[in-house]
$ cat coords_12.cif   # mmCIF, C-alpha atoms
data_my_file
loop_
_atom_site.group_PDB
_atom_site.id
_atom_site.type_symbol
_atom_site.label_atom_id
_atom_site.label_comp_id
_atom_site.auth_asym_id
_atom_site.auth_seq_id
_atom_site.Cartn_x
_atom_site.Cartn_y
_atom_site.Cartn_z
ATOM 1 C CA MET A 11 10.690 14.670 -15.164
ATOM 2 C CA PHE A 12 9.483 13.663 -11.726
ATOM 3 C CA SER A 13 5.849 14.703 -12.084
ATOM 4 C CA ASN A 14 3.549 11.782 -12.801
ATOM 5 C CA PRO A 15 0.476 12.509 -14.953
ATOM 6 C CA TYR A 16 -0.542 8.838 -14.663
ATOM 7 C CA ALA A 17 -0.726 8.776 -10.869
ATOM 8 C CA LYS A 18 -4.038 8.039 -9.151
ATOM 9 C CA ALA A 19 -5.512 11.421 -8.281
ATOM 10 C CA GLU A 20 -7.104 10.240 -5.037
ATOM 11 C CA ALA A 21 -3.745 8.866 -3.861
ATOM 12 C CA LEU A 22 -2.063 12.239 -4.318
ATOM 13 C CA GLU A 23 -4.629 14.327 -2.436
ATOM 14 C CA CYS A 24 -2.899 15.941 0.560
ATOM 15 C CA ASN A 25 -0.301 13.140 0.584
ATOM 16 C CA PRO A 26 3.242 14.365 -0.086
ATOM 17 C CA LEU A 27 4.755 10.886 0.381
ATOM 18 C CA ASN A 28 2.563 9.364 -2.314
ATOM 19 C CA ARG A 29 3.330 12.315 -4.574
ATOM 20 C CA LEU A 30 7.059 11.775 -3.982
ATOM 21 C CA LEU A 31 6.887 8.038 -4.641
ATOM 22 C CA TYR A 32 4.835 8.452 -7.809
ATOM 23 C CA GLY A 33 7.293 11.091 -8.970
ATOM 24 C CA ILE A 34 10.290 8.845 -8.383
ATOM 25 C CA ALA A 35 8.535 5.966 -10.135
ATOM 26 C CA PHE A 36 7.619 7.926 -13.267
ATOM 27 C CA PRO A 37 11.024 7.874 -15.077
ATOM 28 C CA PHE A 38 11.322 4.139 -14.418
ATOM 29 C CA SER A 39 7.733 3.586 -15.568
ATOM 30 C CA ARG A 40 8.444 5.394 -18.809
ATOM 31 C CA ALA A 41 11.513 3.196 -19.371
ATOM 32 C CA PHE A 42 9.516 0.023 -18.627
ATOM 33 C CA ALA A 43 6.813 1.093 -21.088
ATOM 34 C CA ARG A 44 9.372 1.731 -23.832
ATOM 35 C CA LEU A 45 10.972 -1.661 -23.225
ATOM 36 C CA GLY A 46 7.609 -3.381 -23.463
ATOM 37 C CA ILE A 47 7.667 -4.681 -19.890
ATOM 38 C CA THR A 48 4.105 -5.349 -18.730
ATOM 39 C CA PRO A 49 2.555 -4.249 -15.417
ATOM 40 C CA ASN A 50 2.315 -7.875 -14.244
ATOM 41 C CA GLN A 51 6.002 -8.403 -14.968
ATOM 42 C CA ILE A 52 6.810 -5.292 -12.928
ATOM 43 C CA THR A 53 4.658 -6.646 -10.097
ATOM 44 C CA ALA A 54 6.548 -9.936 -10.267
ATOM 45 C CA LEU A 55 9.871 -8.066 -10.039
ATOM 46 C CA SER A 56 8.508 -6.194 -7.019
ATOM 47 C CA CYS A 57 7.651 -9.521 -5.377
ATOM 48 C CA VAL A 58 11.181 -10.827 -5.945
ATOM 49 C CA ALA A 59 12.675 -7.671 -4.408
ATOM 50 C CA ALA A 60 10.294 -7.900 -1.439
ATOM 51 C CA LEU A 61 11.167 -11.559 -0.828
ATOM 52 C CA LEU A 62 14.865 -10.654 -0.906
ATOM 53 C CA ALA A 63 14.158 -7.872 1.596
ATOM 54 C CA ALA A 64 12.254 -10.248 3.898
ATOM 55 C CA LEU A 65 14.981 -12.881 3.683
ATOM 56 C CA SER A 66 17.707 -10.373 4.506
ATOM 57 C CA LEU A 67 15.649 -9.148 7.457
ATOM 58 C CA ALA A 68 14.903 -12.628 8.798
ATOM 59 C CA VAL A 69 18.493 -13.922 8.673
ATOM 60 C CA GLY A 70 19.914 -10.804 10.270
ATOM 61 C CA SER A 71 21.862 -9.546 7.261
ATOM 62 C CA SER A 72 22.967 -5.957 6.858
ATOM 63 C CA ALA A 73 20.140 -3.489 7.368
ATOM 64 C CA TRP A 74 21.214 -1.729 4.180
ATOM 65 C CA LEU A 75 20.451 -4.809 2.081
ATOM 66 C CA PHE A 76 16.905 -4.770 3.429
ATOM 67 C CA VAL A 77 16.557 -1.016 2.865
ATOM 68 C CA VAL A 78 17.748 -1.256 -0.748
ATOM 69 C CA ALA A 79 15.633 -4.316 -1.604
ATOM 70 C CA TRP A 80 12.494 -2.936 0.044
ATOM 71 C CA THR A 81 12.950 0.459 -1.628
ATOM 72 C CA VAL A 82 13.228 -1.234 -5.027
ATOM 73 C CA SER A 83 10.077 -3.244 -4.305
ATOM 74 C CA LEU A 84 8.231 -0.105 -3.176
ATOM 75 C CA VAL A 85 9.176 1.940 -6.249
ATOM 76 C CA LEU A 86 8.163 -0.940 -8.504
ATOM 77 C CA ASP A 87 4.794 -1.005 -6.708
ATOM 78 C CA PHE A 88 4.224 2.536 -7.922
ATOM 79 C CA CYS A 89 5.494 1.670 -11.399
ATOM 80 C CA ASP A 90 3.095 -1.170 -12.238
ATOM 81 C CA GLY A 91 -0.073 0.918 -11.965
ATOM 82 C CA THR A 92 1.579 3.843 -13.723
ATOM 83 C CA VAL A 93 2.614 1.646 -16.660
ATOM 84 C CA ALA A 94 -0.861 0.087 -16.781
ATOM 85 C CA ARG A 95 -2.471 3.515 -17.129
ATOM 86 C CA MET A 96 0.259 4.788 -19.435
ATOM 87 C CA THR A 97 -0.142 1.890 -21.884
ATOM 88 C CA ALA A 98 -3.887 1.271 -21.310
ATOM 89 C CA GLN A 99 -3.192 -2.308 -20.230
ATOM 90 C CA VAL A 100 -6.275 -3.145 -18.199
ATOM 91 C CA SER A 101 -6.605 -6.589 -16.657
ATOM 92 C CA ARG A 102 -9.248 -8.725 -18.336
ATOM 93 C CA THR A 103 -9.830 -10.841 -15.244
ATOM 94 C CA ALA A 104 -11.155 -10.093 -11.773
ATOM 95 C CA PHE A 105 -7.929 -11.353 -10.187
ATOM 96 C CA ARG A 106 -5.867 -8.411 -8.924
ATOM 97 C CA PHE A 107 -2.290 -9.652 -9.008
ATOM 98 C CA ASP A 108 -0.820 -6.373 -7.768
ATOM 99 C CA HIS A 109 -3.154 -6.094 -4.772
ATOM 100 C CA THR A 110 -2.802 -9.756 -3.811
ATOM 101 C CA SER A 111 0.979 -9.559 -4.025
ATOM 102 C CA ASP A 112 0.951 -6.461 -1.790
ATOM 103 C CA LEU A 113 -0.913 -8.392 0.908
ATOM 104 C CA VAL A 114 1.551 -11.267 0.716
ATOM 105 C CA LYS A 115 4.575 -8.958 0.802
ATOM 106 C CA ILE A 116 3.317 -7.101 3.861
ATOM 107 C CA CYS A 117 2.654 -10.327 5.775
ATOM 108 C CA VAL A 118 5.993 -11.877 4.821
ATOM 109 C CA VAL A 119 8.110 -8.843 5.714
ATOM 110 C CA LEU A 120 6.359 -8.351 9.069
ATOM 111 C CA ILE A 121 6.881 -12.003 9.970
ATOM 112 C CA ALA A 122 10.517 -11.627 8.906
ATOM 113 C CA ALA A 123 10.885 -8.651 11.258
ATOM 114 C CA ALA A 124 9.412 -10.599 14.170
ATOM 115 C CA SER A 125 11.759 -13.476 13.373
ATOM 116 C CA ARG A 126 14.796 -11.163 13.267
ATOM 117 C CA TYR A 127 14.304 -9.810 16.797
ATOM 118 C CA ASP A 128 12.397 -12.834 18.170
ATOM 119 C CA VAL A 129 10.828 -11.159 21.204
ATOM 120 C CA HIS A 130 7.382 -11.963 22.556
ATOM 121 C CA ALA A 131 6.014 -8.416 22.363
ATOM 122 C CA LEU A 132 6.945 -8.072 18.701
ATOM 123 C CA TRP A 133 5.501 -11.459 17.754
ATOM 124 C CA VAL A 134 2.200 -10.486 19.402
ATOM 125 C CA THR A 135 2.111 -7.029 17.781
ATOM 126 C CA CYS A 136 3.118 -8.426 14.394
ATOM 127 C CA SER A 137 0.408 -11.111 14.548
ATOM 128 C CA ALA A 138 -2.182 -8.516 15.543
ATOM 129 C CA ALA A 139 -1.085 -6.200 12.717
ATOM 130 C CA VAL A 140 -1.327 -8.964 10.106
ATOM 131 C CA ALA A 141 -4.724 -10.181 11.361
ATOM 132 C CA VAL A 142 -6.333 -6.739 11.631
ATOM 133 C CA PHE A 143 -4.803 -5.609 8.332
ATOM 134 C CA MET A 144 -6.358 -8.608 6.564
ATOM 135 C CA LEU A 145 -9.706 -7.841 8.218
ATOM 136 C CA TYR A 146 -9.450 -4.233 7.036
ATOM 137 C CA ASN A 147 -8.783 -5.333 3.456
ATOM 138 C CA GLY A 148 -11.689 -7.767 3.476
ATOM 139 C CA LEU A 149 -14.067 -5.093 4.766
ATOM 140 C CA ASN A 150 -12.675 -2.546 2.321
ATOM 141 C CA HIS A 151 -13.480 -4.888 -0.554
ATOM 142 C CA GLU A 152 -16.983 -5.505 0.805
ATOM 143 C CA LEU A 153 -17.570 -1.757 1.068
ATOM 144 C CA LYS A 154 -16.516 -1.146 -2.535
ATOM 145 C CA VAL A 155 -18.822 -3.906 -3.775
ATOM 146 C CA ALA A 156 -21.728 -2.666 -1.645
ATOM 147 C CA ARG A 157 -21.286 0.916 -2.840
ATOM 148 C CA THR A 158 -21.165 -0.194 -6.457
ATOM 149 C CA ARG A 159 -24.360 -2.223 -6.051
ATOM 150 C CA ALA A 160 -26.114 0.628 -4.242
ATOM 151 C CA ALA A 161 -25.034 3.063 -6.969
ATOM 152 C CA ASP A 162 -26.290 0.690 -9.682
ATOM 153 C CA ALA A 163 -29.608 0.336 -7.871
ATOM 154 C CA ARG A 164 -29.976 4.132 -7.729
ATOM 155 C CA GLY A 165 -28.849 4.505 -11.323
ATOM 156 C CA SER A 166 -25.980 6.788 -10.308
ATOM 157 C CA SER A 167 -22.230 6.607 -10.767
ATOM 158 C CA GLY A 168 -21.437 6.273 -7.056
ATOM 159 C CA ARG A 169 -19.666 8.734 -4.785
ATOM 160 C CA GLU A 170 -19.108 12.173 -6.152
ATOM 161 C CA ALA A 171 -15.460 13.061 -6.472
ATOM 162 C CA GLY A 172 -14.218 16.435 -5.391
ATOM 163 C CA ALA A 173 -10.869 17.651 -4.169
ATOM 164 C CA ARG A 174 -10.935 19.351 -0.810
ATOM 165 C CA PRO A 175 -8.526 22.155 0.043
ATOM 166 C CA ALA A 176 -5.239 21.031 1.549
ATOM 167 C CA THR A 177 -4.532 22.017 5.126
ATOM 168 C CA VAL A 178 -1.722 21.109 7.498
ATOM 169 C CA LEU A 179 -4.005 18.840 9.505
ATOM 170 C CA ARG A 180 -5.358 17.073 6.414
ATOM 171 C CA THR A 181 -1.830 16.581 5.107
ATOM 172 C CA LEU A 182 -0.657 15.114 8.413
ATOM 173 C CA TYR A 183 -3.705 12.870 8.573
ATOM 174 C CA ALA A 184 -3.263 11.629 5.000
ATOM 175 C CA THR A 185 0.420 10.935 5.658
ATOM 176 C CA PHE A 186 0.283 9.262 9.057
ATOM 177 C CA GLY A 187 -3.383 8.398 9.613
ATOM 178 C CA THR A 188 -4.357 6.552 6.434
ATOM 179 C CA LEU A 189 -3.396 3.279 4.799
ATOM 180 C CA ASN A 190 -2.078 3.699 1.281
ATOM 181 C CA GLY A 191 0.966 2.921 -0.810
ATOM 182 C CA HIS A 192 3.024 5.392 1.198
ATOM 183 C CA THR A 193 2.471 3.279 4.346
ATOM 184 C CA LEU A 194 4.984 0.763 3.015
ATOM 185 C CA LEU A 195 7.632 3.485 3.185
ATOM 186 C CA PHE A 196 7.479 3.287 6.979
ATOM 187 C CA PHE A 197 8.488 -0.383 6.745
ATOM 188 C CA LEU A 198 12.037 0.769 6.060
ATOM 189 C CA PHE A 199 12.307 1.336 9.825
ATOM 190 C CA LEU A 200 11.816 -2.393 10.476
ATOM 191 C CA ALA A 201 15.580 -2.857 10.183
ATOM 192 C CA ALA A 202 16.373 0.029 12.547
ATOM 193 C CA GLY A 203 15.926 -2.028 15.692
ATOM 194 C CA GLU A 204 13.416 -3.846 17.871
ATOM 195 C CA THR A 205 11.709 -0.671 19.128
ATOM 196 C CA TRP A 206 11.256 0.729 15.627
ATOM 197 C CA ALA A 207 9.865 -2.579 14.388
ATOM 198 C CA LEU A 208 7.399 -2.595 17.276
ATOM 199 C CA LEU A 209 6.286 0.940 16.425
ATOM 200 C CA VAL A 210 5.807 0.084 12.742
ATOM 201 C CA CYS A 211 3.687 -2.972 13.590
ATOM 202 C CA ALA A 212 1.664 -1.036 16.156
ATOM 203 C CA HIS A 213 1.085 1.792 13.679
ATOM 204 C CA LEU A 214 -0.217 -0.649 11.068
ATOM 205 C CA ALA A 215 -2.387 -2.452 13.612
ATOM 206 C CA VAL A 216 -3.974 0.759 14.917
ATOM 207 C CA LEU A 217 -4.662 2.202 11.448
ATOM 208 C CA SER A 218 -6.101 -1.128 10.278
ATOM 209 C CA ALA A 219 -8.343 -1.376 13.347
ATOM 210 C CA LEU A 220 -9.636 2.166 12.930
ATOM 211 C CA GLY A 221 -10.158 1.613 9.210
ATOM 212 C CA ALA A 222 -11.979 -1.660 9.847
ATOM 213 C CA MET A 223 -14.322 -0.064 12.397
ATOM 214 C CA ARG A 224 -15.113 2.784 10.014
ATOM 215 C CA ARG A 225 -15.904 0.355 7.208
ATOM 216 C CA ILE A 226 -18.170 -1.703 9.464
ATOM 217 C CA ARG A 227 -20.076 1.490 10.319
ATOM 218 C CA LEU A 228 -20.359 2.446 6.644
ATOM 219 C CA LEU A 229 -21.482 -1.061 5.668
ATOM 220 C CA MET A 230 -24.167 -1.051 8.348
ATOM 221 C CA ALA A 231 -25.498 2.245 6.926
ATOM 222 C CA LEU A 232 -25.874 0.789 3.435
ATOM 223 C CA PRO A 233 -28.948 -1.228 2.423
ATOM 224 C CA LYS A 234 -28.542 -4.865 1.444
ATOM 225 C CA VAL A 235 -28.914 -5.123 -2.328
#
$ encode --input "coords_12.cif" --output "structure tokens"
Amino acid sequence: MFSNPYAKAEALECNPLNRLLYGIAFPFSRAFARLGITPNQITALSCVAALLAALSLAVGSSAWLFVVAWTVSLVLDFCDGTVARMTAQVSRTAFRFDHTSDLVKICVVLIAAASRYDVHALWVTCSAAVAVFMLYNGLNHELKVARTRAADARGSSGREAGARPATVLRTLYATFGTLNGHTLLFFLFLAAGETWALLVCAHLAVLSALGAMRRIRLLMALPKV
């Protein structure tokens, strides 16, 4: 029941948190598909839940309201892609509603956390996390486009896919050292107190900075096409 044959294979590799979240999302995804609810509608529901979570965080409401609302938003994030693959509903436009909404949700909830505790150190760390995270996403998009163009120029299909054996170190790295859907699970700690919120923002800022630097290096190694 909780295995997800429609999960993204690369997201599951050595990542137990992603595997867990996809597994939890699968029964709900199946229900959404049967009810005829589209992936974009699920994404919209996720946005509503995330906005409720941010509002509850900003106004200082019960931490449990934030935890519940953010958990609902997170599970729905894993449902929309699953339903899209399950029902073969592929977007006909280049606009990625799910990805764009994820960026907005992350920015809004981090700002809400800084507003809740309203301390200088958290405002600075939150601002840095948002700025570097946006830089990382911009560079990540540029890298995907550049790789696609380079692959087209070579007449190949791009990077070769191949699963590498799971090790403890690779599992720990995939869980705590990469940015993926599971990263949003750590945001639940934003309501646990000022120190936890600072750690969450710092974690996002550091991972985004490292990811951005790696993508700059990879882009500089690719020819301009």
$ resolve_selection --input "coords_12.cif" --expression "the PyMOL selection byres ((chain A and resi 106-115) around 9)" --output "PyMOL selection string"
chain A and resi 49-50+53-54+56-57+60-61+64+87+90-91+101+103-105+116-120+143-144+147
$ write_last_selection --input "coords_12.cif" --atoms "C-alpha atoms" --output "compact mmCIF listing (two decimals), keeping the file's coordinate frame"
# COMPACT_ATOMS: atom_id res chain seq x y z
CA PRO A 49 2.56 -4.25 -15.42
CA ASN A 50 2.32 -7.88 -14.24
CA THR A 53 4.66 -6.65 -10.10
CA ALA A 54 6.55 -9.94 -10.27
CA SER A 56 8.51 -6.19 -7.02
CA CYS A 57 7.65 -9.52 -5.38
CA ALA A 60 10.29 -7.90 -1.44
CA LEU A 61 11.17 -11.56 -0.83
CA ALA A 64 12.25 -10.25 3.90
CA ASP A 87 4.79 -1.00 -6.71
CA ASP A 90 3.10 -1.17 -12.24
CA GLY A 91 -0.07 0.92 -11.96
CA SER A 101 -6.60 -6.59 -16.66
CA THR A 103 -9.83 -10.84 -15.24
CA ALA A 104 -11.16 -10.09 -11.77
CA PHE A 105 -7.93 -11.35 -10.19
CA ILE A 116 3.32 -7.10 3.86
CA CYS A 117 2.65 -10.33 5.78
CA VAL A 118 5.99 -11.88 4.82
CA VAL A 119 8.11 -8.84 5.71
CA LEU A 120 6.36 -8.35 9.07
CA PHE A 143 -4.80 -5.61 8.33
CA MET A 144 -6.36 -8.61 6.56
CA ASN A 147 -8.78 -5.33 3.46
$ resolve_selection --input "coords_12.cif" --expression "the PyMOL selection byres ((chain A and resi 226) around 12)" --output "ChimeraX atom specification"
/A:145-153,156,219-225,227-232
$ atom_distance --input "coords_12.cif" --atom1 "CA of Gly33 (chain A)" --atom2 "CA of Val85 (chain A)"
9.7 Å
$ residues_around --input "coords_12.cif" --residues "Ser71 (chain A)" --least-positions-apart "4" --cutoff "12 Å" --atoms "all atoms listed in the file" --output "list in words"
Leu62, Ala63, Ala64, Leu65, Ser66, Leu67, Leu75, Phe76, Val77, Ala122, Ala123, Arg126 and Ala201 of chain A
$ closest_residue --input "coords_12.cif" --among "A:Trp206, A:Phe88, A:Phe186, A:Phe199" --to "Leu30 (chain A)" --atoms "all atoms listed in the file"
A:Phe88
$ residues_around --input "coords_12.cif" --residues "Ala124 (chain A)" --least-positions-apart "2" --cutoff "9 Å" --atoms "only C-alpha atoms" --output "VMD selection string"
chain A and resid 68 119 to 122 126 to 130 132 to 136 204 207 to 208
$ atom_distance --input "coords_12.cif" --atom1 "CA of Thr193 (chain A)" --atom2 "CA of Ala141 (chain A)"
16.8 Å
$ atom_distance --input "coords_12.cif" --atom1 "CA of Val178 (chain A)" --atom2 "CA of Asn25 (chain A)"
10.6 Å
$ closest_residue --input "coords_12.cif" --among "A:Ile47, A:Ala161, A:Ala139, A:Ala59" --to "Gln99 (chain A)" --atoms "all atoms listed in the file"
A:Ile47
$ residues_near_point --input "coords_12.cif" --point "(-5.5, 7.6, 4.1)" --cutoff "10 Å" --atoms "only C-alpha atoms" --output "PyMOL selection string"
chain A and resi 20-21+23-25+180-193+217+221
$ closest_residue --input "coords_12.cif" --among "A:Arg29, A:Ala138, A:Thr177, A:Thr97" --to "Leu214 (chain A)" --atoms "all atoms listed in the file"
A:Ala138
$ closest_residue --input "coords_12.cif" --among "A:Ser137, A:Ser125, A:Asn14, A:Thr48" --to "Val100 (chain A)" --atoms "only C-alpha atoms"
A:Thr48
$ closest_residue --input "coords_12.cif" --among "A:Ala131, A:Ala17, A:Ala79, A:Leu31" --to "Ala94 (chain A)" --atoms "only C-alpha atoms"
A:Ala17
$ axis_aligned_box --input "coords_12.cif" --around "region 218-223 of chain A" --padding-each-side "3 Å" --output "AutoDock Vina command-line options"
--center_x -10.2 --center_y 0.3 --center_z 11.3 --size_x 14.2 --size_y 9.8 --size_z 10.1
$ residues_around --input "coords_12.cif" --residues "Pro15 (chain A)" --least-positions-apart "6" --cutoff "9 Å" --atoms "all atoms listed in the file" --output "list in words"
Phe36, Thr92 and Met96 of chain A
